[in-house]
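Note: the block below is start.pdb and it holds PDB, C-alpha atoms and all ligand atoms.
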```
MODEL        1
ATOM      1  CA  MET A  74      38.136   8.893 -48.603
ATOM      2  CA  ALA A  75      35.882  11.626 -47.175
ATOM      3  CA  GLU A  76      37.476  14.950 -46.610
ATOM      4  CA  ILE A  77      37.066  16.376 -43.105
ATOM      5  CA  SER A  78      36.296  20.057 -43.045
ATOM      6  CA  GLY A  79      34.448  22.597 -40.895
ATOM      7  CA  THR A  80      31.771  23.128 -43.493
ATOM      8  CA  ALA A  81      30.137  19.716 -43.476
ATOM      9  CA  LYS A  82      26.465  20.206 -44.322
ATOM     10  CA  LEU A  83      23.536  18.685 -42.498
ATOM     11  CA  PRO A  84      20.980  16.973 -44.743
ATOM     12  CA  SER A  85      18.710  19.795 -45.734
ATOM     13  CA  SER A  86      17.012  20.744 -48.988
ATOM     14  CA  GLY A  87      16.380  17.230 -50.190
ATOM     15  CA  ASP A  88      15.090  15.967 -46.812
ATOM     16  CA  LYS A  89      11.959  18.027 -46.079
ATOM     17  CA  HIS A  90       9.845  14.943 -45.581
ATOM     18  CA  GLY A  91      12.229  13.438 -43.015
ATOM     19  CA  GLU A  92      12.271  16.682 -41.058
ATOM     20  CA  ALA A  93       8.490  16.906 -40.940
ATOM     21  CA  THR A  94       8.261  13.315 -39.661
ATOM     22  CA  GLU A  95      10.867  14.116 -37.025
ATOM     23  CA  ARG A  96       8.919  17.178 -35.818
ATOM     24  CA  LEU A  97       5.713  15.146 -35.677
ATOM     25  CA  TRP A  98       7.492  12.517 -33.563
ATOM     26  CA  VAL A  99       8.867  15.168 -31.177
ATOM     27  CA  ALA A 100       5.372  16.609 -30.798
ATOM     28  CA  PHE A 101       3.920  13.155 -30.140
ATOM     29  CA  VAL A 102       6.515  12.241 -27.491
ATOM     30  CA  THR A 103       6.101  15.636 -25.804
ATOM     31  CA  GLY A 104       2.339  15.047 -25.753
ATOM     32  CA  VAL A 105       2.781  11.645 -24.083
ATOM     33  CA  ILE A 106       5.076  13.128 -21.402
ATOM     34  CA  VAL A 107       2.643  15.982 -20.707
ATOM     35  CA  LEU A 108      -0.235  13.468 -20.454
ATOM     36  CA  LEU A 109       1.669  11.229 -17.993
ATOM     37  CA  VAL A 110       2.630  14.176 -15.777
ATOM     38  CA  ALA A 111      -1.003  15.362 -15.868
ATOM     39  CA  VAL A 112      -2.207  11.893 -14.768
ATOM     40  CA  VAL A 113       0.257  11.872 -11.839
ATOM     41  CA  VAL A 114      -0.783  15.373 -10.728
ATOM     42  CA  TYR A 115      -4.505  14.569 -11.102
ATOM     43  CA  THR A 116      -4.360  11.309  -9.138
ATOM     44  CA  SER A 117      -2.263  12.824  -6.330
ATOM     45  CA  VAL A 118      -4.514  15.844  -5.916
ATOM     46  CA  HIS A 119      -7.934  14.362  -6.672
ATOM     47  CA  TRP A 120      -7.565  10.927  -5.084
ATOM     48  CA  GLY A 121      -5.001  11.763  -2.420
ATOM     49  CA  PHE A 122      -2.432   9.317  -3.808
ATOM     50  CA  HIS A 123       0.961   9.844  -2.281
ATOM     51  CA  PRO A 124       4.286   8.900  -3.763
ATOM     52  CA  PRO A 125       6.284   6.222  -1.908
ATOM     53  CA  SER A 126       8.593   8.924  -0.565
ATOM     54  CA  GLN A 127       6.042   9.571   2.183
ATOM     55  CA  VAL A 128       7.315   6.737   4.353
ATOM     56  CA  GLU A 129       7.615   5.884   7.987
ATOM     57  CA  THR A 130      10.598   3.719   8.864
ATOM     58  CA  ILE A 131      10.951   1.073  11.559
ATOM     59  CA  GLU A 132      13.626  -1.393  12.676
ATOM     60  CA  SER A 133      12.144  -4.680  11.420
ATOM     61  CA  THR A 134      14.519  -7.000  13.239
ATOM     62  CA  SER A 135      13.527  -5.772  16.714
ATOM     63  CA  LEU A 136       9.741  -5.344  16.480
ATOM     64  CA  HIS A 137       9.244  -7.875  19.297
ATOM     65  CA  LYS A 138      11.523  -5.982  21.699
ATOM     66  CA  GLY A 139       9.066  -3.171  22.321
ATOM     67  CA  GLY A 140       7.441  -0.109  20.824
ATOM     68  CA  GLU A 141       4.386   0.141  18.647
ATOM     69  CA  PHE A 142       4.550  -3.408  17.262
ATOM     70  CA  ALA A 143       5.342  -5.225  20.520
ATOM     71  CA  GLU A 144       3.095  -8.242  21.092
ATOM     72  CA  ALA A 145       0.766  -6.546  23.613
ATOM     73  CA  ASN A 146      -0.026  -3.781  21.100
ATOM     74  CA  LEU A 147      -1.004  -6.077  18.224
ATOM     75  CA  GLY A 148      -4.692  -6.015  17.418
ATOM     76  CA  THR A 149      -7.352  -3.325  17.485
ATOM     77  CA  VAL A 150      -7.674  -0.314  19.762
ATOM     78  CA  ILE A 151     -10.703   1.961  19.668
ATOM     79  CA  ALA A 152     -10.326   5.740  19.917
ATOM     80  CA  PRO A 153     -12.883   7.810  21.905
ATOM     81  CA  ASP A 154     -14.561   8.807  18.600
ATOM     82  CA  GLY A 155     -15.180   5.129  17.760
ATOM     83  CA  SER A 156     -12.547   4.890  15.037
ATOM     84  CA  ALA A 157     -10.159   1.945  15.156
ATOM     85  CA  VAL A 158      -6.418   1.441  14.762
ATOM     86  CA  VAL A 159      -5.290  -2.106  13.998
ATOM     87  CA  ARG A 160      -1.623  -3.060  14.381
ATOM     88  CA  VAL A 161      -0.413  -6.200  12.618
ATOM     89  CA  VAL A 162       2.950  -7.883  12.169
ATOM     90  CA  ALA A 163       3.535  -9.844   8.953
ATOM     91  CA  GLN A 164       6.134 -12.587   9.140
ATOM     92  CA  GLN A 165       6.921 -15.893   7.455
ATOM     93  CA  TYR A 166       4.210 -17.308   7.303
ATOM     94  CA  ALA A 167       1.496 -15.611   9.305
ATOM     95  CA  PHE A 168      -0.109 -12.331  10.201
ATOM     96  CA  ILE A 169      -0.200 -11.566  13.933
ATOM     97  CA  PRO A 170      -2.975 -11.469  14.973
ATOM     98  CA  ASN A 171      -4.357 -13.847  12.380
ATOM     99  CA  CYS A 172      -7.893 -12.583  12.849
ATOM    100  CA  LEU A 173      -8.478  -8.832  12.955
ATOM    101  CA  VAL A 174     -11.645  -7.510  14.509
ATOM    102  CA  VAL A 175     -12.946  -4.099  13.393
ATOM    103  CA  PRO A 176     -16.142  -2.087  13.927
ATOM    104  CA  ALA A 177     -18.547  -1.672  11.003
ATOM    105  CA  GLY A 178     -19.222   1.833   9.719
ATOM    106  CA  LYS A 179     -16.273   3.450  11.537
ATOM    107  CA  PRO A 180     -12.957   4.671  10.072
ATOM    108  CA  VAL A 181     -10.313   1.964  10.412
ATOM    109  CA  THR A 182      -6.564   2.549  10.154
ATOM    110  CA  ILE A 183      -4.511  -0.607   9.579
ATOM    111  CA  ARG A 184      -0.786  -0.390  10.345
ATOM    112  CA  LEU A 185       1.496  -3.248   9.333
ATOM    113  CA  ALA A 186       5.180  -3.961   9.741
ATOM    114  CA  SER A 187       7.154  -6.931   8.436
ATOM    115  CA  ALA A 188       9.479  -8.838  10.739
ATOM    116  CA  ASP A 189      11.436 -10.415   7.875
ATOM    117  CA  VAL A 190      10.826 -10.229   4.113
ATOM    118  CA  VAL A 191       8.424  -8.438   1.765
ATOM    119  CA  HIS A 192       4.806  -9.460   2.276
ATOM    120  CA  GLY A 193       1.576  -8.006   0.941
ATOM    121  CA  PHE A 194      -2.078  -8.073   1.882
ATOM    122  CA  ILE A 195      -5.477  -7.528   0.391
ATOM    123  CA  VAL A 196      -8.842  -7.614   2.099
ATOM    124  CA  GLU A 197     -11.410  -9.461   0.025
ATOM    125  CA  GLY A 198     -14.110  -7.260  -1.483
ATOM    126  CA  THR A 199     -12.444  -3.944  -0.568
ATOM    127  CA  ASN A 200      -9.809  -1.701  -2.097
ATOM    128  CA  VAL A 201      -7.383  -2.503   0.746
ATOM    129  CA  ASN A 202      -4.292  -3.732  -1.082
ATOM    130  CA  ALA A 203      -0.715  -2.927  -0.089
ATOM    131  CA  MET A 204       2.810  -4.253   0.232
ATOM    132  CA  VAL A 205       4.559  -4.650   3.566
ATOM    133  CA  VAL A 206       8.238  -3.917   3.088
ATOM    134  CA  PRO A 207      10.726  -4.624   5.883
ATOM    135  CA  GLY A 208      12.007  -1.367   7.365
ATOM    136  CA  TYR A 209       8.785   0.563   6.669
ATOM    137  CA  VAL A 210       5.342   0.888   8.238
ATOM    138  CA  THR A 211       2.448   0.341   5.824
ATOM    139  CA  THR A 212      -0.630   2.389   6.717
ATOM    140  CA  VAL A 213      -4.028   1.871   5.068
ATOM    141  CA  ARG A 214      -7.261   3.675   5.919
ATOM    142  CA  THR A 215     -10.697   2.344   5.109
ATOM    143  CA  THR A 216     -14.233   1.867   6.429
ATOM    144  CA  PHE A 217     -15.996  -1.493   6.431
ATOM    145  CA  GLN A 218     -19.700  -0.796   5.914
ATOM    146  CA  GLU A 219     -21.199  -4.234   6.536
ATOM    147  CA  PRO A 220     -20.558  -6.683   9.384
ATOM    148  CA  GLY A 221     -19.145  -9.988   8.157
ATOM    149  CA  GLU A 222     -16.038 -12.093   7.750
ATOM    150  CA  ARG A 223     -13.476 -11.310   5.062
ATOM    151  CA  LEU A 224     -10.333 -13.077   3.959
ATOM    152  CA  MET A 225      -6.977 -11.312   4.060
ATOM    153  CA  PRO A 226      -4.319 -13.273   2.138
ATOM    154  CA  CYS A 227      -0.661 -12.388   1.666
ATOM    155  CA  HIS A 228      -0.233 -11.587  -2.024
ATOM    156  CA  GLU A 229       3.514 -11.130  -2.356
ATOM    157  CA  PHE A 230       5.528 -14.298  -2.761
ATOM    158  CA  CYS A 231       7.453 -14.532   0.521
ATOM    159  CA  GLY A 232       8.823 -18.085   0.555
ATOM    160  CA  VAL A 233       7.751 -21.730   0.546
ATOM    161  CA  GLY A 234       4.889 -21.112   2.990
ATOM    162  CA  HIS A 235       3.462 -18.115   1.099
ATOM    163  CA  GLN A 236       0.253 -19.855  -0.019
ATOM    164  CA  ALA A 237      -0.581 -20.672   3.613
ATOM    165  CA  MET A 238      -0.229 -17.091   4.837
ATOM    166  CA  TRP A 239      -3.761 -15.885   5.513
ATOM    167  CA  ALA A 240      -5.605 -13.785   8.036
ATOM    168  CA  HIS A 241      -9.291 -12.988   8.489
ATOM    169  CA  VAL A 242     -10.992  -9.666   9.093
ATOM    170  CA  ARG A 243     -14.095  -9.882  11.271
ATOM    171  CA  VAL A 244     -16.283  -6.809  10.872
ATOM    172  CA  VAL A 245     -18.635  -6.555  13.843
ATOM    173  CA  ASP A 246     -21.337  -4.152  14.915
ATOM    174  CA  ALA A 247     -19.706  -1.084  16.537
ATOM    175  CA  SER A 248     -21.787  -1.632  19.690
ATOM    176  CA  SER A 249     -20.172  -5.075  20.244
ATOM    177  CA  PHE A 250     -16.793  -3.533  20.905
ATOM    178  CA  PRO A 251     -15.011  -3.372  24.297
ATOM    179  CA  THR A 252     -16.380  -0.893  26.816
ATOM    180  CA  ASP A 253     -14.712   2.425  27.724
ATOM    181  CA  ALA A 254     -12.809   0.892  30.632
ATOM    182  CA  ASP A 255     -10.708  -1.512  28.537
ATOM    183  CA  LYS A 256     -10.684   0.212  25.168
ATOM    184  CA  GLN A 257      -6.949   0.908  25.332
ATOM    185  CA  LYS A 258      -6.214  -2.815  25.324
ATOM    186  CA  ALA A 259      -5.589  -4.213  21.855
ATOM    187  CA  VAL A 260      -8.143  -6.879  20.905
ATOM    188  CA  ASN A 261      -8.490  -9.517  18.192
ATOM    189  CA  CYS A 262     -11.086 -12.172  17.310
ATOM    190  CA  ALA A 263      -9.980 -14.334  20.240
ATOM    191  CA  SER A 264     -10.476 -11.560  22.841
TER
HETATM  192 CU1  LIG A 301       3.795 -13.402   3.168
HETATM  193 CU2  LIG A 301       3.416 -14.225   0.992
ENDMDL
END
```

Is it possible to give me this structure as structure tokens?
Amino acid sequence: MAEISGTAKLPSSGDKHGEATERLWVAFVTGVIVLLVAVVVYTSVHWGFHPPSQVETIESTSLHKGGEFAEANLGTVIAPDGSAVVRVVAQQYAFIPNCLVVPAGKPVTIRLASADVVHGFIVEGTNVNAMVVPGYVTTVRTTFQEPGERLMPCHEFCGVGHQAMWAHVRVVDASSFPTDADKQKAVNCAS
């Protein structure tokens, strides 16, 4: 039976090789951690990536009762500088409106809120790709250079109708947009 005493020795003299391996491993792991932190800092500063803590919350169950995502506000409004803000509600199993209209060559801000579960959206041929989580507003900024029609599918599984949840983005010439008088009215492809 081993005797318990206060002078128990750690493995030492005979274990030089093990110690060197251990130090190498510590150095390697430290290097990986430093690299990962550097990547996070670089992407946040250089590409303007923001951590998910920068969130805007919203009451998803009462979007229809008023406020920013009330029915009359859904669609595109044009600011005096020609930039556009598009407001969209995602719900099982449709985007409202289901056809977004945006001006080509102008900054476009897309704001989405979910009325029920987690949805997602991508716009074909662009880097627009985000999740829409109930309780939060998803904001994406982009510029569509060329007029044309693009598909915007939901890409988060949201229930049995997920595969049928699609919208379109119609990019039109900036000059085809509503005149000054009615530019505060939200428009979509049907307007
Ligand atoms: Cu909404 Cu999938």

Expressed in Å to a single decimal, how great is the separation between CA of Met204 (chain A) and CA of Val128 (chain A)?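 One can read the CA of Met204 (chain A) to CA of Val128 (chain A) distance as 12.6 Å.
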
Once you count all atoms listed in the file, what closest atom pair and distance in Å to one decimal does each residue of chain A within 10 Å of ligand LIG 301 (chain A) have, with rows by chain and rising residue number, as a Markdown table?
```
| residue | atom | partner | partner_atom | distance |
| --- | --- | --- | --- | --- |
| A:Ala163 | CA | A:LIG301 | CU1 | 6.8 |
| A:Gln164 | CA | A:LIG301 | CU1 | 6.5 |
| A:Gln165 | CA | A:LIG301 | CU1 | 5.9 |
| A:Tyr166 | CA | A:LIG301 | CU1 | 5.7 |
| A:Ala167 | CA | A:LIG301 | CU1 | 6.9 |
| A:Phe168 | CA | A:LIG301 | CU1 | 8.1 |
| A:Ser187 | CA | A:LIG301 | CU1 | 9.0 |
| A:Asp189 | CA | A:LIG301 | CU1 | 9.5 |
| A:Val190 | CA | A:LIG301 | CU1 | 7.8 |
| A:Val191 | CA | A:LIG301 | CU1 | 6.9 |
| A:His192 | CA | A:LIG301 | CU1 | 4.2 |
| A:Gly193 | CA | A:LIG301 | CU1 | 6.2 |
| A:Phe194 | CA | A:LIG301 | CU1 | 8.0 |
| A:Met204 | CA | A:LIG301 | CU1 | 9.7 |
| A:Val205 | CA | A:LIG301 | CU1 | 8.8 |
| A:Pro226 | CA | A:LIG301 | CU2 | 7.9 |
| A:Cys227 | CA | A:LIG301 | CU2 | 4.5 |
| A:His228 | CA | A:LIG301 | CU2 | 5.4 |
| A:Glu229 | CA | A:LIG301 | CU2 | 4.6 |
| A:Phe230 | CA | A:LIG301 | CU2 | 4.3 |
| A:Cys231 | CA | A:LIG301 | CU2 | 4.1 |
| A:Gly232 | CA | A:LIG301 | CU2 | 6.7 |
| A:Val233 | CA | A:LIG301 | CU2 | 8.7 |
| A:Gly234 | CA | A:LIG301 | CU2 | 7.3 |
| A:His235 | CA | A:LIG301 | CU2 | 3.9 |
| A:Gln236 | CA | A:LIG301 | CU2 | 6.5 |
| A:Ala237 | CA | A:LIG301 | CU2 | 8.0 |
| A:Met238 | CA | A:LIG301 | CU1 | 5.7 |
| A:Trp239 | CA | A:LIG301 | CU1 | 8.3 |
```

Write a file of the just-selected residues containing C-alpha atoms, as a compact mmCIF listing (two decimals), keeping the file's coordinate frame.
```
# COMPACT_ATOMS: atom_id res chain seq x y z
CA ALA A 163 3.54 -9.84 8.95
CA GLN A 164 6.13 -12.59 9.14
CA GLN A 165 6.92 -15.89 7.46
CA TYR A 166 4.21 -17.31 7.30
CA ALA A 167 1.50 -15.61 9.30
CA PHE A 168 -0.11 -12.33 10.20
CA SER A 187 7.15 -6.93 8.44
CA ASP A 189 11.44 -10.42 7.88
CA VAL A 190 10.83 -10.23 4.11
CA VAL A 191 8.42 -8.44 1.76
CA HIS A 192 4.81 -9.46 2.28
CA GLY A 193 1.58 -8.01 0.94
CA PHE A 194 -2.08 -8.07 1.88
CA MET A 204 2.81 -4.25 0.23
CA VAL A 205 4.56 -4.65 3.57
CA PRO A 226 -4.32 -13.27 2.14
CA CYS A 227 -0.66 -12.39 1.67
CA HIS A 228 -0.23 -11.59 -2.02
CA GLU A 229 3.51 -11.13 -2.36
CA PHE A 230 5.53 -14.30 -2.76
CA CYS A 231 7.45 -14.53 0.52
CA GLY A 232 8.82 -18.08 0.56
CA VAL A 233 7.75 -21.73 0.55
CA GLY A 234 4.89 -21.11 2.99
CA HIS A 235 3.46 -18.11 1.10
CA GLN A 236 0.25 -19.86 -0.02
CA ALA A 237 -0.58 -20.67 3.61
CA MET A 238 -0.23 -17.09 4.84
CA TRP A 239 -3.76 -15.88 5.51
```

Report, in Å with one decimal, the straight-line distance from CA of Arg223 (chain A) to CA of Val175 (chain A).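 Separation of CA of Arg223 (chain A) and CA of Val175 (chain A): 11.0 Å.
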
Return as a ChimeraX atom specification the set of residues that the PyMOL selection byres (((chain A and resi 169) around 9) and not hetatm) yields on the displayed structure. /A:144,147-148,160-164,167-168,170-173,240

Provide the CA of Leu185 (chain A) to CA of Ser117 (chain A) distance in Å, to one decimal place. 22.8 Å

6 Å per side around region 200-218 of chain A: axis-aligned box centre and edge lengths, as JSON:
```
{"center_x": -3.8, "center_y": -0.5, "center_z": 3.1, "size_x": 43.7, "size_y": 20.3, "size_z": 22.3}
```

Which one of A:Ala157, A:Leu108, A:Val244, A:Ala259 sits closest to Glu141 (chain A) if you count all atoms listed in the file? A:Ala259

Among listed residues A:Phe217, A:Thr182, A:Leu224, A:Pro207, nearest Leu136 (chain A) (using all atoms listed in the file): A:Pro207

Residues matched by the PyMOL selection byres (((chain A and resi 264) around 10) and not hetatm) as a VMD selection string: chain A and resid 148 174 251 259 to 263
